[in-house]
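So this one's input15.pdb, PDB, C-alpha atoms, pLDDT in the B column:
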```pdb
ATOM      1  CA  MET A 107     -48.883 -48.651 -75.069  1.00 74.00           C
ATOM      2  CA  GLY A 108     -50.159 -46.672 -72.175  1.00 88.00           C
ATOM      3  CA  GLU A 109     -50.385 -42.888 -72.086  1.00 93.00           C
ATOM      4  CA  LEU A 110     -47.668 -42.661 -69.403  1.00 93.00           C
ATOM      5  CA  THR A 111     -45.245 -44.772 -71.469  1.00 94.00           C
ATOM      6  CA  LEU A 112     -45.881 -42.667 -74.574  1.00 93.00           C
ATOM      7  CA  ASN A 113     -45.240 -39.426 -72.649  1.00 94.00           C
ATOM      8  CA  LEU A 114     -41.988 -40.840 -71.203  1.00 95.00           C
ATOM      9  CA  VAL A 115     -40.794 -41.818 -74.696  1.00 95.00           C
ATOM     10  CA  ARG A 116     -41.626 -38.315 -75.995  1.00 95.00           C
ATOM     11  CA  LEU A 117     -39.769 -36.713 -73.090  1.00 96.00           C
ATOM     12  CA  GLY A 118     -36.750 -38.983 -73.687  1.00 96.00           C
ATOM     13  CA  VAL A 119     -36.634 -38.032 -77.381  1.00 97.00           C
ATOM     14  CA  ILE A 120     -36.817 -34.326 -76.497  1.00 97.00           C
ATOM     15  CA  VAL A 121     -33.997 -34.688 -73.952  1.00 97.00           C
ATOM     16  CA  LEU A 122     -31.836 -36.511 -76.518  1.00 97.00           C
ATOM     17  CA  LEU A 123     -32.514 -33.836 -79.146  1.00 97.00           C
ATOM     18  CA  TRP A 124     -31.505 -31.060 -76.741  1.00 96.00           C
ATOM     19  CA  ALA A 125     -28.360 -32.966 -75.742  1.00 96.00           C
ATOM     20  CA  PHE A 126     -27.484 -33.257 -79.436  1.00 96.00           C
ATOM     21  CA  VAL A 127     -28.089 -29.526 -80.006  1.00 95.00           C
ATOM     22  CA  PHE A 128     -25.873 -28.580 -77.043  1.00 94.00           C
ATOM     23  CA  SER A 129     -23.077 -30.896 -78.198  1.00 93.00           C
ATOM     24  CA  VAL A 130     -23.183 -29.389 -81.719  1.00 92.00           C
ATOM     25  CA  VAL A 131     -23.060 -25.864 -80.269  1.00 91.00           C
ATOM     26  CA  GLY A 132     -20.087 -26.865 -78.084  1.00 87.00           C
ATOM     27  CA  VAL A 133     -18.164 -28.243 -81.058  1.00 84.00           C
ATOM     28  CA  LEU A 134     -18.910 -25.158 -83.168  1.00 83.00           C
ATOM     29  CA  ARG A 135     -17.853 -22.876 -80.317  1.00 82.00           C
ATOM     30  CA  GLY A 136     -14.559 -24.770 -79.978  1.00 76.00           C
ATOM     31  CA  ASP A 137     -13.915 -24.521 -83.720  1.00 74.00           C
ATOM     32  CA  LEU A 138     -14.725 -20.820 -83.871  1.00 74.00           C
ATOM     33  CA  TYR A 139     -12.971 -19.609 -80.740  1.00 70.00           C
ATOM     34  CA  GLY A 140     -10.363 -22.322 -80.199  1.00 62.00           C
ATOM     35  CA  THR A 141      -9.204 -23.698 -76.909  1.00 56.00           C
ATOM     36  CA  ARG A 142      -7.912 -21.578 -74.089  1.00 56.00           C
ATOM     37  CA  VAL A 143      -4.235 -21.868 -73.324  1.00 52.00           C
ATOM     38  CA  SER A 144      -3.365 -20.976 -69.756  1.00 50.00           C
ATOM     39  CA  HIS A 145       0.016 -19.586 -68.892  1.00 51.00           C
ATOM     40  CA  ASN A 146       1.513 -20.150 -65.488  1.00 52.00           C
ATOM     41  CA  ALA A 147       2.663 -16.732 -64.504  1.00 47.00           C
ATOM     42  CA  GLY A 148       6.095 -16.777 -62.962  1.00 47.00           C
ATOM     43  CA  PRO A 149       7.492 -14.189 -60.595  1.00 47.00           C
ATOM     44  CA  ALA A 150       6.904 -10.618 -61.625  1.00 46.00           C
ATOM     45  CA  ARG A 151       9.661  -9.363 -63.878  1.00 49.00           C
ATOM     46  CA  ALA A 152      11.299  -6.034 -63.264  1.00 46.00           C
ATOM     47  CA  THR A 153      10.427  -3.373 -65.818  1.00 49.00           C
ATOM     48  CA  ARG A 154      14.032  -2.297 -66.327  1.00 55.00           C
ATOM     49  CA  GLU A 155      16.164  -4.449 -68.591  1.00 50.00           C
ATOM     50  CA  THR A 156      19.820  -5.047 -67.937  1.00 60.00           C
ATOM     51  CA  ARG A 157      22.440  -4.492 -70.649  1.00 57.00           C
ATOM     52  CA  SER A 158      22.817  -8.213 -71.271  1.00 54.00           C
ATOM     53  CA  GLU A 159      19.039  -8.609 -71.706  1.00 53.00           C
ATOM     54  CA  ARG A 160      18.962  -5.716 -74.190  1.00 51.00           C
ATOM     55  CA  ARG A 161      21.899  -7.190 -76.108  1.00 51.00           C
ATOM     56  CA  GLN A 162      20.280 -10.605 -76.138  1.00 53.00           C
ATOM     57  CA  ARG A 163      16.976  -9.118 -77.271  1.00 55.00           C
ATOM     58  CA  LYS A 164      18.727  -7.156 -80.018  1.00 58.00           C
ATOM     59  CA  ASN A 165      20.217 -10.422 -81.327  1.00 66.00           C
ATOM     60  CA  SER A 166      16.926 -12.324 -81.194  1.00 76.00           C
ATOM     61  CA  PRO A 167      14.766 -12.946 -84.285  1.00 82.00           C
ATOM     62  CA  THR A 168      12.218 -10.302 -85.255  1.00 83.00           C
ATOM     63  CA  HIS A 169      10.415 -11.931 -88.201  1.00 88.00           C
ATOM     64  CA  LEU A 170       8.993 -15.259 -89.280  1.00 90.00           C
ATOM     65  CA  VAL A 171       9.584 -15.769 -93.011  1.00 92.00           C
ATOM     66  CA  VAL A 172       8.043 -18.383 -95.315  1.00 92.00           C
ATOM     67  CA  THR A 173      10.942 -19.875 -97.301  1.00 93.00           C
ATOM     68  CA  GLU A 174       9.134 -22.736 -99.073  1.00 91.00           C
ATOM     69  CA  GLY A 175       5.530 -23.348-100.046  1.00 89.00           C
ATOM     70  CA  ARG A 176       2.715 -21.359-101.650  1.00 90.00           C
ATOM     71  CA  LEU A 177       3.328 -18.269 -99.488  1.00 89.00           C
ATOM     72  CA  ARG A 178       7.084 -18.125-100.177  1.00 91.00           C
ATOM     73  CA  GLY A 179       8.480 -14.677 -99.386  1.00 90.00           C
ATOM     74  CA  THR A 180       5.772 -13.786 -96.840  1.00 90.00           C
ATOM     75  CA  SER A 181       7.135 -12.222 -93.665  1.00 90.00           C
ATOM     76  CA  VAL A 182       5.324 -11.775 -90.337  1.00 90.00           C
ATOM     77  CA  PRO A 183       6.784  -9.693 -87.480  1.00 90.00           C
ATOM     78  CA  LEU A 184       7.181 -11.452 -84.130  1.00 88.00           C
ATOM     79  CA  HIS A 185       5.354  -9.679 -81.289  1.00 85.00           C
ATOM     80  CA  ASP A 186       5.598 -10.062 -77.523  1.00 85.00           C
ATOM     81  CA  ALA A 187       2.111 -11.614 -77.564  1.00 86.00           C
ATOM     82  CA  GLY A 188       3.375 -14.371 -79.868  1.00 88.00           C
ATOM     83  CA  LEU A 189       1.583 -15.603 -82.959  1.00 91.00           C
ATOM     84  CA  LEU A 190      -0.534 -18.468 -84.248  1.00 92.00           C
ATOM     85  CA  VAL A 191       0.127 -20.315 -87.488  1.00 92.00           C
ATOM     86  CA  GLY A 192      -2.502 -22.409 -89.250  1.00 92.00           C
ATOM     87  CA  ARG A 193      -5.341 -22.454 -91.774  1.00 91.00           C
ATOM     88  CA  ASN A 194      -7.848 -20.704 -89.507  1.00 90.00           C
ATOM     89  CA  PRO A 195      -8.491 -17.038 -90.446  1.00 89.00           C
ATOM     90  CA  GLU A 196      -7.854 -15.989 -86.817  1.00 89.00           C
ATOM     91  CA  CYS A 197      -4.173 -16.995 -87.108  1.00 89.00           C
ATOM     92  CA  SER A 198      -1.410 -14.403 -87.546  1.00 88.00           C
ATOM     93  CA  LEU A 199      -0.032 -16.391 -90.478  1.00 90.00           C
ATOM     94  CA  VAL A 200      -2.811 -18.104 -92.445  1.00 91.00           C
ATOM     95  CA  LEU A 201      -1.407 -21.043 -94.416  1.00 90.00           C
ATOM     96  CA  THR A 202      -2.908 -22.440 -97.608  1.00 88.00           C
ATOM     97  CA  ASP A 203      -1.142 -25.770 -97.075  1.00 86.00           C
ATOM     98  CA  ASP A 204      -3.482 -28.783 -97.108  1.00 88.00           C
ATOM     99  CA  TYR A 205      -1.352 -30.474 -94.429  1.00 89.00           C
ATOM    100  CA  ALA A 206      -1.768 -27.636 -91.914  1.00 90.00           C
ATOM    101  CA  SER A 207      -4.412 -27.771 -89.185  1.00 91.00           C
ATOM    102  CA  GLY A 208      -6.729 -24.892 -88.321  1.00 91.00           C
ATOM    103  CA  ARG A 209      -4.606 -23.906 -85.315  1.00 91.00           C
ATOM    104  CA  HIS A 210      -1.353 -25.694 -86.028  1.00 92.00           C
ATOM    105  CA  LEU A 211       1.510 -23.928 -84.238  1.00 93.00           C
ATOM    106  CA  ARG A 212       1.993 -21.284 -81.564  1.00 93.00           C
ATOM    107  CA  ILE A 213       5.226 -19.272 -81.384  1.00 92.00           C
ATOM    108  CA  TYR A 214       5.791 -17.202 -78.256  1.00 91.00           C
ATOM    109  CA  PRO A 215       8.648 -15.380 -76.514  1.00 89.00           C
ATOM    110  CA  GLY A 216      10.356 -16.807 -73.467  1.00 86.00           C
ATOM    111  CA  VAL A 217      12.832 -15.177 -71.122  1.00 83.00           C
ATOM    112  CA  ASP A 218      15.850 -15.969 -73.291  1.00 82.00           C
ATOM    113  CA  ALA A 219      14.495 -17.107 -76.699  1.00 86.00           C
ATOM    114  CA  TRP A 220      11.415 -17.838 -78.809  1.00 90.00           C
ATOM    115  CA  TYR A 221       9.548 -21.094 -78.237  1.00 92.00           C
ATOM    116  CA  ALA A 222       7.078 -23.171 -80.241  1.00 92.00           C
ATOM    117  CA  ASP A 223       4.174 -25.433 -79.324  1.00 92.00           C
ATOM    118  CA  ASP A 224       2.503 -27.827 -81.734  1.00 92.00           C
ATOM    119  CA  LEU A 225      -1.199 -27.398 -80.948  1.00 91.00           C
ATOM    120  CA  GLY A 226      -2.147 -31.037 -81.459  1.00 89.00           C
ATOM    121  CA  SER A 227      -2.003 -30.851 -85.239  1.00 89.00           C
ATOM    122  CA  THR A 228      -2.900 -33.913 -87.298  1.00 88.00           C
ATOM    123  CA  ASN A 229       0.281 -34.022 -89.393  1.00 90.00           C
ATOM    124  CA  GLY A 230       2.684 -32.603 -86.811  1.00 91.00           C
ATOM    125  CA  THR A 231       5.382 -29.944 -86.947  1.00 93.00           C
ATOM    126  CA  GLU A 232       9.119 -30.365 -87.474  1.00 92.00           C
ATOM    127  CA  VAL A 233      11.847 -28.008 -86.285  1.00 92.00           C
ATOM    128  CA  ASN A 234      15.207 -28.601 -87.976  1.00 90.00           C
ATOM    129  CA  GLY A 235      14.024 -32.066 -89.077  1.00 89.00           C
ATOM    130  CA  ARG A 236      12.756 -33.210 -85.629  1.00 91.00           C
ATOM    131  CA  ARG A 237       9.087 -33.601 -84.776  1.00 92.00           C
ATOM    132  CA  ILE A 238       8.110 -31.354 -81.869  1.00 90.00           C
ATOM    133  CA  GLY A 239       5.571 -31.209 -79.067  1.00 88.00           C
ATOM    134  CA  THR A 240       5.469 -28.259 -76.685  1.00 88.00           C
ATOM    135  CA  GLY A 241       8.050 -25.841 -75.319  1.00 87.00           C
ATOM    136  CA  VAL A 242      10.644 -26.259 -78.066  1.00 89.00           C
ATOM    137  CA  ARG A 243      13.315 -23.545 -78.191  1.00 90.00           C
ATOM    138  CA  LEU A 244      13.687 -21.789 -81.548  1.00 89.00           C
ATOM    139  CA  ASP A 245      17.109 -20.339 -82.320  1.00 87.00           C
ATOM    140  CA  PRO A 246      17.637 -17.759 -85.093  1.00 87.00           C
ATOM    141  CA  GLY A 247      17.547 -19.509 -88.457  1.00 87.00           C
ATOM    142  CA  ALA A 248      15.469 -22.430 -87.161  1.00 88.00           C
ATOM    143  CA  GLN A 249      13.606 -24.208 -89.973  1.00 92.00           C
ATOM    144  CA  ILE A 250       9.985 -25.001 -89.077  1.00 93.00           C
ATOM    145  CA  ARG A 251       8.191 -27.403 -91.441  1.00 94.00           C
ATOM    146  CA  ILE A 252       4.405 -27.607 -91.573  1.00 93.00           C
ATOM    147  CA  GLY A 253       3.436 -29.923 -94.419  1.00 91.00           C
ATOM    148  CA  GLN A 254       4.933 -28.419 -97.567  1.00 92.00           C
ATOM    149  CA  THR A 255       5.521 -25.031 -95.967  1.00 93.00           C
ATOM    150  CA  VAL A 256       8.864 -24.126 -94.368  1.00 94.00           C
ATOM    151  CA  LEU A 257       9.150 -21.160 -91.992  1.00 93.00           C
ATOM    152  CA  GLU A 258      12.338 -19.569 -90.703  1.00 92.00           C
ATOM    153  CA  LEU A 259      13.084 -17.235 -87.787  1.00 88.00           C
ATOM    154  CA  ARG A 260      15.128 -14.236 -88.958  1.00 86.00           C
ATOM    155  CA  ARG A 261      16.465 -10.990 -87.529  1.00 80.00           C
TER     156      ARG A 261
END
```
Please, can you express the file's structure as structure tokens?
Amino acid sequence: MGELTLNLVRLGVIVLLWAFVFSVVGVLRGDLYGTRVSHNAGPARATRETRSERRQRKNSPTHLVVTEGRLRGTSVPLHDAGLLVGRNPECSLVLTDDYASGRHLRIYPGVDAWYADDLGSTNGTEVNGRRIGTGVRLDPGAQIRIGQTVLELRR
């Protein structure tokens, strides 16, 4: 083999090693920090609430309660920022269920109710016995099943 060929092979191996390192760093970054979820901001909402909005808000759920599973009896308050459910320590409700993904479910407030998005979990999420995707409305008392864990929205 000529000297030029040997140098090209060395350079190719170095480029492949760096590509591998960058791909590993990208995967680790995604696992540590998660994916970004963009929200399409609608029209600006007035700061004053009407009576009907206050009444509706008063009747909306305020807590997410674990009713079945290892964490039975655990209660997490619902905030305007929403919450994440999964096995990852960054989640608001960290599950010990083997069937839950790292970032399994996102629950967030809408204009008139709370909504849920399955975040591409391996085993899926069920609300009232139906498998869900994104943008599913959660009414008070809705049963959310993640593996062996059942969550419920309560006032």
**Item:** Ground truth for the PyMOL selection byres ((chain A and resi 199) around 12), written as a PyMOL selection string
**Value:** chain A and resi 169-172+177+180-184+188-198+200-203+206+208-213+255+257
Generate a file of the selected residues that holds C-alpha atoms, formatted as a PDB file, in the frame of the given file.
```pdb
ATOM      1  CA  HIS A 169      10.415 -11.931 -88.201  1.00 88.00           C
ATOM      2  CA  LEU A 170       8.993 -15.259 -89.280  1.00 90.00           C
ATOM      3  CA  VAL A 171       9.584 -15.769 -93.011  1.00 92.00           C
ATOM      4  CA  VAL A 172       8.043 -18.383 -95.315  1.00 92.00           C
ATOM      5  CA  LEU A 177       3.328 -18.269 -99.488  1.00 89.00           C
ATOM      6  CA  THR A 180       5.772 -13.786 -96.840  1.00 90.00           C
ATOM      7  CA  SER A 181       7.135 -12.222 -93.665  1.00 90.00           C
ATOM      8  CA  VAL A 182       5.324 -11.775 -90.337  1.00 90.00           C
ATOM      9  CA  PRO A 183       6.784  -9.693 -87.480  1.00 90.00           C
ATOM     10  CA  LEU A 184       7.181 -11.452 -84.130  1.00 88.00           C
ATOM     11  CA  GLY A 188       3.375 -14.371 -79.868  1.00 88.00           C
ATOM     12  CA  LEU A 189       1.583 -15.603 -82.959  1.00 91.00           C
ATOM     13  CA  LEU A 190      -0.534 -18.468 -84.248  1.00 92.00           C
ATOM     14  CA  VAL A 191       0.127 -20.315 -87.488  1.00 92.00           C
ATOM     15  CA  GLY A 192      -2.502 -22.409 -89.250  1.00 92.00           C
ATOM     16  CA  ARG A 193      -5.341 -22.454 -91.774  1.00 91.00           C
ATOM     17  CA  ASN A 194      -7.848 -20.704 -89.507  1.00 90.00           C
ATOM     18  CA  PRO A 195      -8.491 -17.038 -90.446  1.00 89.00           C
ATOM     19  CA  GLU A 196      -7.854 -15.989 -86.817  1.00 89.00           C
ATOM     20  CA  CYS A 197      -4.173 -16.995 -87.108  1.00 89.00           C
ATOM     21  CA  SER A 198      -1.410 -14.403 -87.546  1.00 88.00           C
ATOM     22  CA  VAL A 200      -2.811 -18.104 -92.445  1.00 91.00           C
ATOM     23  CA  LEU A 201      -1.407 -21.043 -94.416  1.00 90.00           C
ATOM     24  CA  THR A 202      -2.908 -22.440 -97.608  1.00 88.00           C
ATOM     25  CA  ASP A 203      -1.142 -25.770 -97.075  1.00 86.00           C
ATOM     26  CA  ALA A 206      -1.768 -27.636 -91.914  1.00 90.00           C
ATOM     27  CA  GLY A 208      -6.729 -24.892 -88.321  1.00 91.00           C
ATOM     28  CA  ARG A 209      -4.606 -23.906 -85.315  1.00 91.00           C
ATOM     29  CA  HIS A 210      -1.353 -25.694 -86.028  1.00 92.00           C
ATOM     30  CA  LEU A 211       1.510 -23.928 -84.238  1.00 93.00           C
ATOM     31  CA  ARG A 212       1.993 -21.284 -81.564  1.00 93.00           C
ATOM     32  CA  ILE A 213       5.226 -19.272 -81.384  1.00 92.00           C
ATOM     33  CA  THR A 255       5.521 -25.031 -95.967  1.00 93.00           C
ATOM     34  CA  LEU A 257       9.150 -21.160 -91.992  1.00 93.00           C
TER      35      LEU A 257
END
```
**Request:** Provide the atom CA of Arg176 of chain A to atom CA of Asn234 of chain A distance in Å, to one decimal place.
**Result:**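 Calculated distance between atom CA of Arg176 of chain A and atom CA of Asn234 of chain A is 19.9 Å.
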**Prompt:** What gap, in Å, lies between atom CA of Tyr205 of chain A and atom CA of Ser227 of chain A?
**Reply:**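 These two atoms are separated by 9.2 Å.
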**Request:** Take atom CA of Pro215 of chain A and atom CA of His185 of chain A and report the distance between them in Å, one decimal.
**Result:**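 Computing it gives 8.1 Å between the two atoms.
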**Message:** Taking 6 positions as the minimum chain separation for residues in the same chain, which residues sit within 9 Å of Asp245 of chain A when counting all atoms listed in the file? Answer as a PyMOL selection string.
**Reply:** chain A and resi 166-167+219-221+259
What would segment 210-221 of chain A look like with all heavy atoms restored, written as an mmCIF file, in the frame of the given file?
```cif
data_model
loop_
_atom_site.group_PDB
_atom_site.id
_atom_site.type_symbol
_atom_site.label_atom_id
_atom_site.label_comp_id
_atom_site.auth_asym_id
_atom_site.auth_seq_id
_atom_site.Cartn_x
_atom_site.Cartn_y
_atom_site.Cartn_z
ATOM 1 N N HIS A 210 -2.412 -24.692 -85.920
ATOM 2 C CA HIS A 210 -1.353 -25.694 -86.028
ATOM 3 C C HIS A 210 -0.201 -25.454 -85.054
ATOM 4 O O HIS A 210 0.242 -26.372 -84.377
ATOM 5 C CB HIS A 210 -0.809 -25.680 -87.460
ATOM 6 C CG HIS A 210 0.000 -26.873 -87.801
ATOM 7 N ND1 HIS A 210 -0.517 -27.934 -88.504
ATOM 8 C CD2 HIS A 210 1.282 -27.195 -87.534
ATOM 9 C CE1 HIS A 210 0.426 -28.856 -88.650
ATOM 10 N NE2 HIS A 210 1.528 -28.423 -88.074
ATOM 11 N N LEU A 211 0.279 -24.224 -84.970
ATOM 12 C CA LEU A 211 1.510 -23.928 -84.238
ATOM 13 C C LEU A 211 1.375 -22.590 -83.516
ATOM 14 O O LEU A 211 0.781 -21.658 -84.042
ATOM 15 C CB LEU A 211 2.679 -23.855 -85.230
ATOM 16 C CG LEU A 211 4.058 -23.516 -84.694
ATOM 17 C CD1 LEU A 211 4.629 -24.679 -83.907
ATOM 18 C CD2 LEU A 211 4.988 -23.160 -85.845
ATOM 19 N N ARG A 212 1.937 -22.541 -82.320
ATOM 20 C CA ARG A 212 1.993 -21.284 -81.564
ATOM 21 C C ARG A 212 3.452 -20.970 -81.311
ATOM 22 O O ARG A 212 4.215 -21.813 -80.841
ATOM 23 C CB ARG A 212 1.252 -21.432 -80.232
ATOM 24 C CG ARG A 212 1.240 -20.154 -79.414
ATOM 25 C CD ARG A 212 0.325 -20.294 -78.219
ATOM 26 N NE ARG A 212 0.846 -21.211 -77.230
ATOM 27 C CZ ARG A 212 1.379 -20.831 -76.068
ATOM 28 N NH1 ARG A 212 1.453 -19.566 -75.762
ATOM 29 N NH2 ARG A 212 1.817 -21.729 -75.223
ATOM 30 N N ILE A 213 3.863 -19.741 -81.628
ATOM 31 C CA ILE A 213 5.226 -19.272 -81.384
ATOM 32 C C ILE A 213 5.120 -18.124 -80.393
ATOM 33 O O ILE A 213 4.336 -17.194 -80.592
ATOM 34 C CB ILE A 213 5.900 -18.818 -82.685
ATOM 35 C CG1 ILE A 213 5.999 -20.000 -83.648
ATOM 36 C CG2 ILE A 213 7.277 -18.228 -82.410
ATOM 37 C CD1 ILE A 213 6.533 -19.650 -85.009
ATOM 38 N N TYR A 214 5.901 -18.199 -79.315
ATOM 39 C CA TYR A 214 5.791 -17.202 -78.256
ATOM 40 C C TYR A 214 7.172 -16.923 -77.659
ATOM 41 O O TYR A 214 8.066 -17.767 -77.718
ATOM 42 C CB TYR A 214 4.829 -17.679 -77.160
ATOM 43 C CG TYR A 214 5.209 -19.005 -76.555
ATOM 44 C CD1 TYR A 214 5.950 -19.059 -75.380
ATOM 45 C CD2 TYR A 214 4.855 -20.201 -77.160
ATOM 46 C CE1 TYR A 214 6.308 -20.275 -74.822
ATOM 47 C CE2 TYR A 214 5.209 -21.417 -76.618
ATOM 48 C CZ TYR A 214 5.932 -21.454 -75.446
ATOM 49 O OH TYR A 214 6.298 -22.655 -74.902
ATOM 50 N N PRO A 215 7.342 -15.719 -77.087
ATOM 51 C CA PRO A 215 8.648 -15.380 -76.514
ATOM 52 C C PRO A 215 8.797 -15.955 -75.112
ATOM 53 O O PRO A 215 7.848 -16.010 -74.336
ATOM 54 C CB PRO A 215 8.618 -13.845 -76.467
ATOM 55 C CG PRO A 215 7.176 -13.511 -76.337
ATOM 56 C CD PRO A 215 6.429 -14.578 -77.089
ATOM 57 N N GLY A 216 10.009 -16.378 -74.810
ATOM 58 C CA GLY A 216 10.356 -16.807 -73.467
ATOM 59 C C GLY A 216 11.301 -15.772 -72.873
ATOM 60 O O GLY A 216 11.486 -14.690 -73.432
ATOM 61 N N VAL A 217 11.904 -16.107 -71.768
ATOM 62 C CA VAL A 217 12.832 -15.177 -71.122
ATOM 63 C C VAL A 217 14.078 -14.970 -71.979
ATOM 64 O O VAL A 217 14.557 -13.856 -72.140
ATOM 65 C CB VAL A 217 13.218 -15.697 -69.723
ATOM 66 C CG1 VAL A 217 14.276 -14.818 -69.101
ATOM 67 C CG2 VAL A 217 12.000 -15.778 -68.837
ATOM 68 N N ASP A 218 14.580 -16.055 -72.573
ATOM 69 C CA ASP A 218 15.850 -15.969 -73.291
ATOM 70 C C ASP A 218 15.764 -16.261 -74.780
ATOM 71 O O ASP A 218 16.729 -16.069 -75.499
ATOM 72 C CB ASP A 218 16.852 -16.930 -72.661
ATOM 73 C CG ASP A 218 16.328 -18.360 -72.659
ATOM 74 O OD1 ASP A 218 15.115 -18.558 -72.861
ATOM 75 O OD2 ASP A 218 17.140 -19.278 -72.465
ATOM 76 N N ALA A 219 14.607 -16.743 -75.288
ATOM 77 C CA ALA A 219 14.495 -17.107 -76.699
ATOM 78 C C ALA A 219 13.018 -17.211 -77.079
ATOM 79 O O ALA A 219 12.137 -17.010 -76.254
ATOM 80 C CB ALA A 219 15.192 -18.446 -76.950
ATOM 81 N N TRP A 220 12.772 -17.556 -78.337
ATOM 82 C CA TRP A 220 11.415 -17.838 -78.809
ATOM 83 C C TRP A 220 11.172 -19.336 -78.686
ATOM 84 O O TRP A 220 12.085 -20.139 -78.849
ATOM 85 C CB TRP A 220 11.258 -17.384 -80.257
ATOM 86 C CG TRP A 220 11.213 -15.906 -80.384
ATOM 87 C CD1 TRP A 220 12.261 -15.059 -80.533
ATOM 88 C CD2 TRP A 220 10.047 -15.090 -80.313
ATOM 89 N NE1 TRP A 220 11.824 -13.768 -80.570
ATOM 90 C CE2 TRP A 220 10.471 -13.753 -80.442
ATOM 91 C CE3 TRP A 220 8.689 -15.354 -80.161
ATOM 92 C CZ2 TRP A 220 9.576 -12.689 -80.423
ATOM 93 C CZ3 TRP A 220 7.801 -14.285 -80.148
ATOM 94 C CH2 TRP A 220 8.243 -12.973 -80.278
ATOM 95 N N TYR A 221 9.919 -19.702 -78.415
ATOM 96 C CA TYR A 221 9.548 -21.094 -78.237
ATOM 97 C C TYR A 221 8.348 -21.425 -79.112
ATOM 98 O O TYR A 221 7.592 -20.529 -79.507
ATOM 99 C CB TYR A 221 9.216 -21.376 -76.767
ATOM 100 C CG TYR A 221 10.430 -21.279 -75.878
ATOM 101 C CD1 TYR A 221 10.815 -20.076 -75.315
ATOM 102 C CD2 TYR A 221 11.210 -22.399 -75.631
ATOM 103 C CE1 TYR A 221 11.939 -19.974 -74.516
ATOM 104 C CE2 TYR A 221 12.339 -22.311 -74.824
ATOM 105 C CZ TYR A 221 12.690 -21.100 -74.276
ATOM 106 O OH TYR A 221 13.811 -21.018 -73.491
#
```
